[in-house]
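Note: the block below is data-v4.tsv and it holds TSV, C-alpha atoms.
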```tsv
chain	number	residue	atom	x	y	z
A	1425	MET	CA	33.72	-77.54	-4.22
A	1426	ALA	CA	33.11	-75.02	-1.45
A	1427	TYR	CA	32.60	-71.38	-2.27
A	1428	LYS	CA	35.35	-68.96	-1.39
A	1429	PRO	CA	34.52	-67.01	1.82
A	1430	SER	CA	33.38	-63.49	1.06
A	1431	ASN	CA	35.56	-60.50	1.95
A	1432	ARG	CA	33.02	-59.33	4.55
A	1433	ALA	CA	33.18	-62.67	6.34
A	1434	LYS	CA	36.93	-62.43	6.46
A	1435	SER	CA	37.08	-58.93	7.85
A	1436	GLY	CA	35.69	-59.94	11.32
A	1437	GLU	CA	33.45	-57.82	13.60
A	1438	GLU	CA	34.04	-54.12	13.66
A	1439	SER	CA	34.26	-52.39	17.05
A	1440	VAL	CA	31.49	-49.80	17.36
A	1441	GLU	CA	32.58	-46.55	18.96
A	1442	PRO	CA	29.91	-44.50	20.77
A	1443	ASN	CA	29.35	-41.01	19.47
A	1444	VAL	CA	30.87	-38.87	22.21
A	1445	THR	CA	30.45	-35.56	20.44
A	1446	PRO	CA	27.21	-34.53	22.26
A	1447	ILE	CA	28.78	-35.41	25.62
A	1448	MET	CA	31.84	-33.38	24.69
A	1449	ASN	CA	29.59	-30.46	23.79
A	1450	LEU	CA	27.94	-30.68	27.19
A	1451	MET	CA	31.28	-30.80	28.96
A	1452	VAL	CA	32.59	-27.83	27.05
A	1453	VAL	CA	29.62	-25.82	28.26
A	1454	LEU	CA	29.58	-27.14	31.84
A	1455	ILE	CA	33.26	-26.73	32.62
A	1456	PRO	CA	33.54	-22.99	31.87
A	1457	MET	CA	30.27	-22.40	33.73
A	1458	LEU	CA	31.48	-24.23	36.83
A	1459	LEU	CA	34.87	-22.52	36.62
A	1460	GLN	CA	33.06	-19.19	36.59
A	1461	VAL	CA	30.98	-19.85	39.70
A	1462	ALA	CA	33.30	-22.09	41.71
A	1463	ALA	CA	34.45	-20.58	45.00
A	1464	PHE	CA	38.05	-21.59	45.35
A	1465	VAL	CA	38.53	-19.34	48.36
A	1466	GLN	CA	36.22	-20.73	51.00
A	1467	LEU	CA	34.66	-17.84	52.85
A	1468	ALA	CA	32.82	-18.08	56.13
A	1469	LEU	CA	31.20	-15.67	58.53
A	1470	LEU	CA	32.36	-14.99	62.04
A	1471	GLU	CA	29.20	-14.03	63.85
A	1472	TYR	CA	29.30	-11.54	66.67
A	1473	ALA	CA	26.27	-10.40	68.60
A	1474	PRO	CA	27.20	-7.80	71.20
A	1475	PRO	CA	24.89	-7.30	74.15
A	1476	ALA	CA	22.14	-4.77	73.49
A	1477	LEU	CA	22.80	-1.32	74.89
A	1478	ASP	CA	20.01	-1.66	77.46
A	1479	GLU	CA	21.64	-4.79	78.89
A	1480	GLY	CA	24.22	-2.61	80.56
A	1481	GLY	CA	27.32	-3.71	78.70
A	1482	GLY	CA	26.89	-7.45	79.03
A	1483	GLY	CA	27.25	-7.78	82.73
A	1484	GLY	CA	25.98	-11.27	82.34
A	1485	GLY	CA	22.82	-13.12	83.07
A	1486	ASP	CA	21.15	-16.08	81.47
A	1487	ALA	CA	19.02	-15.66	78.41
A	1488	ASP	CA	15.67	-16.14	80.06
A	1489	THR	CA	16.09	-14.52	83.41
A	1490	THR	CA	13.36	-12.00	84.03
A	1491	GLN	CA	13.92	-8.77	85.90
A	1492	HIS	CA	12.41	-10.33	89.01
A	1493	GLU	CA	14.74	-13.32	88.83
A	1494	GLU	CA	17.63	-10.91	88.21
A	1495	ASP	CA	16.82	-9.19	91.49
A	1496	VAL	CA	16.89	-12.40	93.50
A	1497	ASP	CA	19.76	-14.01	91.57
A	1498	ASP	CA	22.58	-13.97	94.07
A	1499	ARG	CA	25.09	-15.92	91.99
A	1500	PRO	CA	28.49	-14.20	91.89
A	1501	LEU	CA	30.07	-12.69	88.78
A	1502	LEU	CA	33.18	-14.34	87.31
A	1503	ASN	CA	34.13	-11.34	85.17
A	1504	LEU	CA	36.41	-13.33	82.85
A	1505	THR	CA	38.47	-10.90	80.77
A	1506	VAL	CA	41.27	-11.39	78.25
A	1507	ASN	CA	43.38	-8.31	77.66
A	1508	VAL	CA	45.40	-8.25	74.46
A	1509	THR	CA	48.56	-6.17	74.28
A	1510	GLU	CA	51.51	-6.23	71.89
A	1511	GLU	CA	53.47	-8.39	74.34
A	1512	GLN	CA	50.94	-10.83	75.82
A	1513	PHE	CA	47.47	-12.09	76.60
A	1514	GLU	CA	46.37	-11.33	80.14
A	1515	VAL	CA	43.62	-13.56	81.51
A	1516	SER	CA	41.86	-12.21	84.52
A	1517	ILE	CA	38.94	-13.46	86.58
A	1518	ARG	CA	37.05	-11.61	89.31
A	1519	GLY	CA	38.81	-8.38	88.28
A	1520	ALA	CA	42.22	-9.59	89.49
A	1521	THR	CA	45.39	-7.87	88.30
A	1522	SER	CA	47.78	-10.25	90.06
A	1523	GLY	CA	47.79	-13.51	91.95
A	1524	GLU	CA	46.33	-16.85	90.93
A	1525	ASP	CA	43.28	-15.27	89.29
A	1526	PHE	CA	45.53	-13.43	86.83
A	1527	ARG	CA	47.58	-15.22	84.21
A	1528	VAL	CA	49.93	-13.84	81.57
A	1529	ILE	CA	50.59	-15.64	78.28
A	1530	PRO	CA	53.49	-13.91	76.48
A	1531	VAL	CA	53.81	-13.84	72.71
A	1532	ILE	CA	56.03	-16.55	71.19
A	1533	SER	CA	57.77	-13.91	69.10
A	1534	PRO	CA	56.71	-10.34	68.22
A	1535	GLY	CA	53.32	-10.55	66.51
A	1536	ASN	CA	53.10	-14.32	67.01
A	1537	TYR	CA	50.56	-14.95	69.78
A	1538	ASN	CA	50.24	-18.23	71.67
A	1539	PHE	CA	46.67	-19.23	70.79
A	1540	ASP	CA	47.10	-22.83	72.02
A	1541	ALA	CA	48.05	-21.62	75.50
A	1542	ILE	CA	45.15	-19.17	75.71
A	1543	HIS	CA	42.77	-21.92	74.57
A	1544	ASP	CA	44.09	-24.27	77.25
A	1545	THR	CA	43.77	-21.56	79.90
A	1546	LEU	CA	40.18	-20.77	78.91
A	1547	VAL	CA	39.30	-24.48	78.93
A	1548	HIS	CA	40.89	-24.81	82.36
A	1549	ILE	CA	38.75	-21.95	83.68
A	1550	ARG	CA	35.64	-23.46	82.13
A	1551	GLN	CA	36.28	-26.89	83.63
A	1552	GLU	CA	37.91	-26.10	86.94
A	1553	VAL	CA	36.55	-22.70	87.96
A	1554	ILE	CA	33.09	-22.56	86.37
A	1555	GLY	CA	32.51	-26.29	86.59
A	1556	THR	CA	29.46	-28.17	85.42
A	1557	PRO	CA	26.10	-26.48	84.79
A	1558	LEU	CA	23.75	-26.20	87.75
A	1559	ASP	CA	20.69	-26.45	85.55
A	1560	THR	CA	19.46	-26.43	81.97
A	1561	LEU	CA	17.55	-23.38	80.80
A	1562	ARG	CA	15.07	-23.36	77.95
A	1563	SER	CA	13.90	-20.18	76.31
A	1564	VAL	CA	12.20	-19.20	73.06
A	1565	ASP	CA	13.95	-17.01	70.53
A	1566	GLU	CA	11.62	-14.06	69.97
A	1567	GLU	CA	12.59	-13.69	66.32
A	1568	THR	CA	12.64	-17.26	65.11
A	1569	GLY	CA	10.30	-18.82	67.66
A	1570	GLU	CA	12.77	-21.67	68.09
A	1571	GLU	CA	13.60	-23.13	71.46
A	1572	VAL	CA	17.03	-22.13	72.72
A	1573	LEU	CA	18.86	-24.34	75.15
A	1574	GLY	CA	21.14	-22.70	77.70
A	1575	PHE	CA	22.86	-23.55	80.94
A	1576	LYS	CA	22.74	-22.06	84.38
A	1577	TRP	CA	26.27	-21.82	85.75
A	1578	LYS	CA	27.70	-21.25	89.18
A	1579	PHE	CA	28.49	-17.72	87.98
A	1580	LYS	CA	25.89	-15.35	86.58
A	1581	ASP	CA	28.17	-14.57	83.60
A	1582	GLY	CA	29.41	-18.13	83.05
A	1583	ASP	CA	28.96	-17.88	79.27
A	1584	ASN	CA	30.63	-14.50	78.89
A	1585	LEU	CA	34.15	-13.64	77.87
A	1586	LYS	CA	35.24	-10.03	77.65
A	1587	ILE	CA	37.94	-9.34	75.10
A	1588	ALA	CA	39.75	-6.07	75.66
A	1589	ALA	CA	42.41	-5.36	73.07
A	1590	LYS	CA	44.59	-2.33	72.54
A	1591	ALA	CA	43.51	-0.04	69.74
A	1592	ASP	CA	46.23	-0.97	67.25
A	1593	ILE	CA	46.15	-4.75	67.71
A	1594	PRO	CA	45.67	-6.37	64.26
A	1595	TRP	CA	42.19	-7.76	63.62
A	1596	GLN	CA	43.63	-11.23	62.88
A	1597	VAL	CA	44.80	-11.54	66.50
A	1598	VAL	CA	41.30	-10.87	67.83
A	1599	VAL	CA	39.80	-13.32	65.30
A	1600	GLY	CA	42.32	-15.93	66.49
A	1601	LEU	CA	41.33	-15.27	70.09
A	1602	LEU	CA	37.63	-15.60	69.25
A	1603	ASP	CA	38.44	-18.94	67.58
A	1604	ALA	CA	40.34	-20.10	70.67
A	1605	ALA	CA	37.37	-19.21	72.88
A	1606	ARG	CA	34.64	-20.74	70.71
A	1607	ARG	CA	34.67	-24.50	71.31
A	1608	PHE	CA	36.60	-27.20	73.11
A	1609	GLU	CA	36.72	-30.96	73.38
A	1610	ASP	CA	35.91	-32.36	76.79
A	1611	LYS	CA	37.53	-35.43	78.36
A	1612	ASP	CA	35.16	-37.70	76.42
A	1613	GLY	CA	36.10	-36.05	73.12
A	1614	ILE	CA	32.75	-34.27	72.78
A	1615	ASN	CA	32.94	-30.89	71.06
A	1616	LYS	CA	31.23	-28.28	73.25
A	1617	PRO	CA	30.83	-24.50	73.24
A	1618	LEU	CA	33.41	-22.78	75.40
A	1619	TYR	CA	32.25	-19.19	75.81
A	1620	ALA	CA	29.12	-18.59	73.81
A	1621	GLN	CA	28.93	-14.84	74.33
A	1622	PRO	CA	32.20	-13.02	73.72
A	1623	ILE	CA	32.06	-9.28	74.18
A	1624	MET	CA	34.59	-7.07	72.43
A	1625	GLY	CA	35.82	-3.99	74.22
A	1626	ARG	CA	38.80	-1.70	74.33
A	1627	PHE	CA	41.84	-2.08	76.57
A	1628	GLU	CA	42.89	1.34	77.80
B	704	MET	CA	47.59	-51.49	-20.49
B	705	ALA	CA	47.31	-50.36	-16.91
B	706	PHE	CA	47.86	-52.80	-14.09
B	707	ALA	CA	44.78	-53.95	-12.23
B	708	PRO	CA	44.38	-52.23	-8.78
B	709	SER	CA	45.75	-54.29	-5.95
B	710	LYS	CA	43.39	-56.15	-3.60
B	711	ARG	CA	44.39	-53.91	-0.67
B	712	ARG	CA	43.45	-50.83	-2.57
B	713	ARG	CA	40.13	-52.34	-3.62
B	714	LEU	CA	39.30	-53.34	-0.07
B	715	LYS	CA	40.46	-50.08	1.45
B	716	ARG	CA	37.62	-48.39	3.28
B	717	ASN	CA	36.50	-45.06	2.28
B	718	ASP	CA	35.55	-43.81	5.80
B	719	ASP	CA	36.43	-40.31	6.98
B	720	PRO	CA	39.23	-40.30	9.50
B	721	LYS	CA	37.90	-39.74	13.03
B	722	MET	CA	39.65	-38.05	15.89
B	723	ASN	CA	39.98	-40.23	18.97
B	724	LEU	CA	38.16	-38.31	21.70
B	725	SER	CA	38.45	-40.92	24.43
B	726	SER	CA	41.45	-39.40	26.19
B	727	MET	CA	39.88	-35.94	26.03
B	728	MET	CA	36.66	-37.36	27.48
B	729	ASP	CA	38.65	-38.87	30.36
B	730	MET	CA	40.25	-35.53	31.09
B	731	MET	CA	36.97	-33.63	30.87
B	732	THR	CA	35.25	-36.11	33.19
B	733	ILE	CA	37.95	-35.67	35.82
B	734	ILE	CA	37.81	-31.87	35.58
B	735	LEU	CA	34.01	-31.93	35.77
B	736	LEU	CA	34.02	-34.11	38.87
B	737	PHE	CA	36.64	-31.91	40.52
B	738	LEU	CA	34.65	-28.77	39.79
B	739	LEU	CA	31.40	-30.29	40.98
B	740	LYS	CA	33.11	-31.28	44.22
B	741	SER	CA	34.50	-27.81	44.83
B	742	TYR	CA	31.29	-26.13	43.68
B	743	SER	CA	29.75	-23.99	46.36
B	744	ALA	CA	26.75	-21.89	45.47
B	745	SER	CA	26.80	-20.14	48.83
B	746	GLY	CA	30.35	-18.93	48.30
B	747	ALA	CA	29.11	-16.87	45.41
B	748	LEU	CA	27.01	-14.72	47.74
B	749	ILE	CA	30.05	-12.87	48.98
B	750	LYS	CA	33.07	-12.07	46.92
B	751	PRO	CA	36.34	-11.15	48.60
B	752	ALA	CA	36.81	-7.43	48.21
B	753	LEU	CA	39.44	-5.98	45.93
B	754	ASP	CA	42.95	-6.96	46.95
B	755	ILE	CA	42.41	-7.24	50.70
B	756	GLN	CA	43.78	-10.11	52.74
B	757	LEU	CA	40.97	-11.40	54.95
B	758	PRO	CA	41.76	-12.99	58.32
B	759	GLN	CA	41.64	-16.78	58.68
B	760	SER	CA	39.31	-18.49	61.10
B	761	SER	CA	38.05	-21.93	62.02
B	762	VAL	CA	34.37	-20.93	61.78
B	763	GLN	CA	32.21	-22.83	59.32
B	764	THR	CA	29.15	-20.56	59.12
B	765	GLU	CA	28.07	-20.12	55.51
B	766	PRO	CA	27.82	-16.63	54.00
B	767	LYS	CA	24.42	-15.00	53.72
B	768	ARG	CA	23.08	-11.76	52.35
B	769	ALA	CA	22.96	-8.70	54.61
B	770	LEU	CA	23.92	-5.04	54.53
B	771	ALA	CA	27.56	-5.45	53.59
B	772	VAL	CA	30.46	-3.06	53.99
B	773	VAL	CA	34.14	-3.36	53.22
B	774	LEU	CA	36.86	-1.56	55.12
B	775	ILE	CA	39.78	-0.61	52.90
B	776	LYS	CA	43.13	0.32	54.38
B	777	ASN	CA	45.55	-0.32	51.53
B	778	SER	CA	44.33	-0.86	48.01
B	779	ASN	CA	45.63	-0.27	44.52
B	780	PHE	CA	42.16	0.70	43.35
B	781	LEU	CA	40.29	2.40	46.17
B	782	GLN	CA	41.09	5.26	48.48
B	783	PRO	CA	41.25	4.13	52.14
B	784	GLY	CA	37.80	4.21	53.72
B	785	LEU	CA	34.58	2.34	54.27
B	786	TYR	CA	32.62	1.22	51.20
B	787	LEU	CA	29.31	-0.41	50.49
B	788	ASP	CA	30.13	-3.93	49.34
B	789	THR	CA	28.28	-4.47	46.07
B	790	GLU	CA	28.87	-6.32	42.83
B	791	GLU	CA	29.49	-3.05	41.02
B	792	ILE	CA	32.32	-1.88	43.25
B	793	GLY	CA	34.53	-4.50	41.57
B	794	ASP	CA	34.45	-2.23	38.53
B	795	ALA	CA	36.59	0.27	40.45
B	796	GLY	CA	39.44	-2.15	39.82
B	797	ASN	CA	38.53	-2.88	36.21
B	798	GLU	CA	41.48	-1.56	34.23
B	799	LYS	CA	39.48	-1.62	31.01
B	800	LEU	CA	37.42	1.29	32.28
B	801	PRO	CA	38.79	4.84	32.08
B	802	PRO	CA	40.28	6.11	35.36
B	803	ALA	CA	37.62	8.83	35.67
B	804	ARG	CA	34.82	6.24	35.50
B	805	ARG	CA	36.58	4.04	38.07
B	806	ALA	CA	36.95	6.96	40.45
B	807	GLU	CA	33.28	7.77	39.96
B	808	ILE	CA	32.30	4.19	40.87
B	809	ALA	CA	34.52	4.27	43.96
B	810	ASN	CA	32.98	7.56	45.11
B	811	GLN	CA	29.48	6.28	44.48
B	812	PHE	CA	29.95	3.43	46.96
B	813	MET	CA	32.09	5.17	49.57
B	814	ILE	CA	30.29	5.39	52.91
B	815	ALA	CA	32.96	7.12	54.97
B	816	PRO	CA	36.48	8.35	54.23
B	817	MET	CA	39.36	7.21	56.38
B	818	ALA	CA	39.41	10.55	58.23
B	819	GLN	CA	36.04	9.71	59.80
B	820	ILE	CA	37.21	6.24	60.83
B	821	GLU	CA	40.49	7.42	62.31
B	822	ASP	CA	39.00	10.42	64.09
B	823	GLU	CA	39.42	9.62	67.78
B	824	ASN	CA	37.16	12.44	68.87
B	825	THR	CA	34.01	10.75	67.62
B	826	PRO	CA	32.89	7.31	68.81
B	827	MET	CA	30.84	6.74	65.65
B	828	ILE	CA	31.29	6.81	61.89
B	829	GLN	CA	28.62	9.26	60.78
B	830	GLY	CA	28.59	8.11	57.14
B	831	LEU	CA	27.97	4.51	58.19
B	832	TYR	CA	25.24	5.50	60.63
B	833	ASP	CA	23.46	7.48	57.90
B	834	LYS	CA	23.75	4.57	55.47
B	835	ILE	CA	22.26	2.06	57.93
B	836	VAL	CA	19.38	4.38	58.82
B	837	GLN	CA	18.75	5.00	55.11
B	838	GLN	CA	18.69	1.23	54.48
B	839	GLN	CA	16.31	0.66	57.39
B	840	ASP	CA	13.97	3.40	56.15
B	841	GLN	CA	13.98	1.79	52.71
B	842	ASP	CA	13.14	-1.59	54.26
B	843	MET	CA	10.22	-0.08	56.15
B	844	ASP	CA	8.92	1.67	53.03
B	845	LEU	CA	9.05	-1.59	51.11
B	846	GLY	CA	7.43	-3.52	53.97
B	847	LYS	CA	10.51	-5.69	54.36
B	848	GLU	CA	12.06	-6.89	57.59
B	849	VAL	CA	14.21	-4.05	58.92
B	850	THR	CA	17.93	-4.71	58.56
B	851	ASP	CA	19.56	-5.60	61.86
B	852	GLU	CA	22.54	-7.52	60.48
B	853	MET	CA	25.68	-6.24	58.88
B	854	THR	CA	28.40	-8.10	57.01
B	855	ILE	CA	31.88	-6.64	57.33
B	856	GLN	CA	34.93	-7.38	55.21
B	857	ALA	CA	38.06	-6.18	56.92
B	858	ALA	CA	41.66	-7.13	56.19
B	859	SER	CA	43.59	-9.10	58.76
B	860	ASP	CA	45.91	-6.17	59.52
B	861	ILE	CA	43.13	-3.64	60.22
B	862	PRO	CA	43.57	-2.07	63.68
B	863	TYR	CA	41.07	-3.47	66.18
B	864	ASN	CA	39.98	0.03	67.09
B	865	TRP	CA	38.38	0.52	63.66
B	866	ILE	CA	36.35	-2.65	64.05
B	867	LEU	CA	35.09	-1.43	67.42
B	868	LYS	CA	34.10	1.87	65.87
B	869	ILE	CA	32.06	0.08	63.21
B	870	THR	CA	30.29	-2.08	65.79
B	871	ALA	CA	29.64	0.94	68.02
B	872	THR	CA	28.09	2.77	65.06
B	873	GLY	CA	26.01	-0.28	64.13
B	874	SER	CA	24.76	-0.71	67.68
B	875	ALA	CA	23.67	2.94	67.76
B	876	ALA	CA	21.63	2.20	64.60
B	877	ASN	CA	20.04	-0.95	66.10
B	878	ILE	CA	22.27	-3.48	64.35
B	879	ALA	CA	22.14	-6.63	66.47
B	880	THR	CA	24.48	-9.03	64.67
B	881	TYR	CA	27.76	-8.53	62.85
B	882	ASP	CA	29.10	-11.09	60.40
B	883	PHE	CA	32.80	-10.73	59.77
B	884	VAL	CA	33.96	-12.32	56.53
B	885	VAL	CA	36.91	-14.64	57.06
B	886	ILE	CA	38.74	-17.32	55.11
B	887	LYS	CA	37.96	-20.82	56.33
B	888	GLU	CA	41.00	-22.58	57.70
B	889	GLU	CA	41.58	-26.04	56.21
```
Show how you would write the structure in this file as structure tokens.
Amino acid sequence: MAYKPSNRAKSGEESVEPNVTPIMNLMVVLIPMLLQVAAFVQLALLEYAPPALDEGGGGGGDADTTQHEEDVDDRPLLNLTVNVTEEQFEVSIRGATSGEDFRVIPVISPGNYNFDAIHDTLVHIRQEVIGTPLDTLRSVDEETGEEVLGFKWKFKDGDNLKIAAKADIPWQVVVGLLDAARRFEDKDGINKPLYAQPIMGRFE
Amino acid sequence: MAFAPSKRRRLKRNDDPKMNLSSMMDMMTIILLFLLKSYSASGALIKPALDIQLPQSSVQTEPKRALAVVLIKNSNFLQPGLYLDTEEIGDAGNEKLPPARRAEIANQFMIAPMAQIEDENTPMIQGLYDKIVQQQDQDMDLGKEVTDEMTIQAASDIPYNWILKITATGSAANIATYDFVVIKEE
């Protein structure tokens, strides 16, 4: 006669649960630490480097032009300026105050500026008026020692954009304008700098 | 005579009851992954100043350390003016501290009162100029690279004129680059 199966044999295999307590301990420490240091508001820096005082107010000129080259450089000045008033953006080239070199972009509603239109206008000027670079310029950054690549344009101040806003224009409007003038996508979808050297001034 | 204990009772295990932590582990893992994804060590370099609404911008440049100032126009904690942006200035809004101590902290870090910023007769903010020169002298004494960068926190509704006045003052004190703190647009 066969023996009766033992109770252990009848109970089947027990499932073994891993000990998660140390992992839980780790999580309990990590989560408050990460919550403490996490940056939920993503901050960034808007860099602005005005022309040095001895450059005469940013009249233009490529990064590596020497004084001698400056003397013989007979390229014209574009003098691209965006005036910001409570009612509109005014885009002017060659110092125009009317005509085809002067364009007005009114606000959509009070305080609501048309940044898309100003971006399109600035891209149009870059592509149609300034055109393609005449040459590539290489220079060395005195501080970092790194090579800086620049372009020689048809106009001496082809990289410059003067922003002249009225005294009480909110800072957000100027930041929006700087954004609109920073980069653009060309016809091939390549992201390129639009006006690398904005200069902020006052509109009287 | 007592009944014999039933088989079930005899076979009943004597283990301690255990809490099932699996669901909590799942939750913790998800939270941990989310936090690790949103973790940004560089964001901790600059904290948004007390209750000011920074402008939004599409720039992606990461924050870095520099001489930092914050321009306050409307605040529940600070008088309008220009302040040195430090970790400690946050204590000016710490309601656990007595009001006198908070005012003392605010005064300690104030660079220029609003009167100096709004004064249209002067193109510069004298307090800011003095602070930059003081910082540069300190750098030279310590043999460090002289400060030529300034980080500025200014609310989105600050008049443009005040920004120009800060940059004009900085330029007079040989500041070459200004970093305006903005909120990254999604």
| message | Applying 7 Å and only C-alpha atoms, which residues near stretch 1542-1552 of chain A remain after dropping the ones on its own chain fewer than 5 positions away? List them as a VMD selection string. | response | chain A and resid 1529 1604 to 1605 1608
| query | With all atoms listed in the file as the atoms that count, which of A:Tyr1427, A:Phe1627, A:Tyr1472, A:Phe1539 lies nearest to A:Gly1600? | reply |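 Using all atoms listed in the file, the shortest distance to A:Gly1600 belongs to A:Phe1539.
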| By how many Å are atom CA of A:Phe1526 and atom CA of A:Asn1538 apart? | 16.6 Å
| message | Counting all atoms listed in the file, which residue out of A:Gln1596, A:Asn1615, A:Thr1521, A:Ser1516 sits closest to chain B? | response |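 Nearest candidate to chain B out of A:Gln1596, A:Asn1615, A:Thr1521, A:Ser1516: A:Gln1596.
The space separating atom CA of B:Ile855 from atom CA of A:Tyr1537 comes to 23.9 Å.
Using all atoms listed in the file, the smallest distance between any of B:Ser725, B:Ser760, B:Asn779, B:Thr789 and A:Leu1469 comes from B:Ser760.
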| Residue neighbourhood B:Asp794, 12 Å, all atoms listed in the file, exclusion window fewer than 3 positions, as an NGL selection string | :B and (752-753 or 780-781 or 788-791 or 797-812)
| remark: Shortest contact to B:Ile775, candidates B:Ile828, B:Met843, B:Ile755, B:Ala818, atoms counted only C-alpha atoms, goes to B:Ile755
| request: Provide as a PyMOL selection string the residues of chain A at most 8 Å from chain B, counting all atoms listed in the file. | output: chain A and resi 1444+1448+1451+1454-1455+1458-1459+1461-1474+1476-1477+1589-1596+1598-1600+1603+1624-1626
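The coordinates place atom CA of B:Gln838 at 7.2 Å from atom CA of B:Thr850.
Using only C-alpha atoms, the nearest neighbour of A:Lys1586 within the list A:Asn1503, A:Asn1536, A:Thr1560, A:Asn1449 is A:Asn1503.
Residue nearest B:Asp729, chosen from A:Val1440, A:Ala1588, A:Val1508, A:Ile1447 and counting all atoms listed in the file: A:Ile1447.
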Edge lengths and centre, in Å to one decimal, as JSON: that's what I need for the box along x, y and z that holds all listed atoms of stretch 794-810 of chain B plus 8 Å on each side.
```
{"center_x": 36.9, "center_y": 3.0, "center_z": 38.1, "size_x": 25.2, "size_y": 27.7, "size_z": 30.1}
```
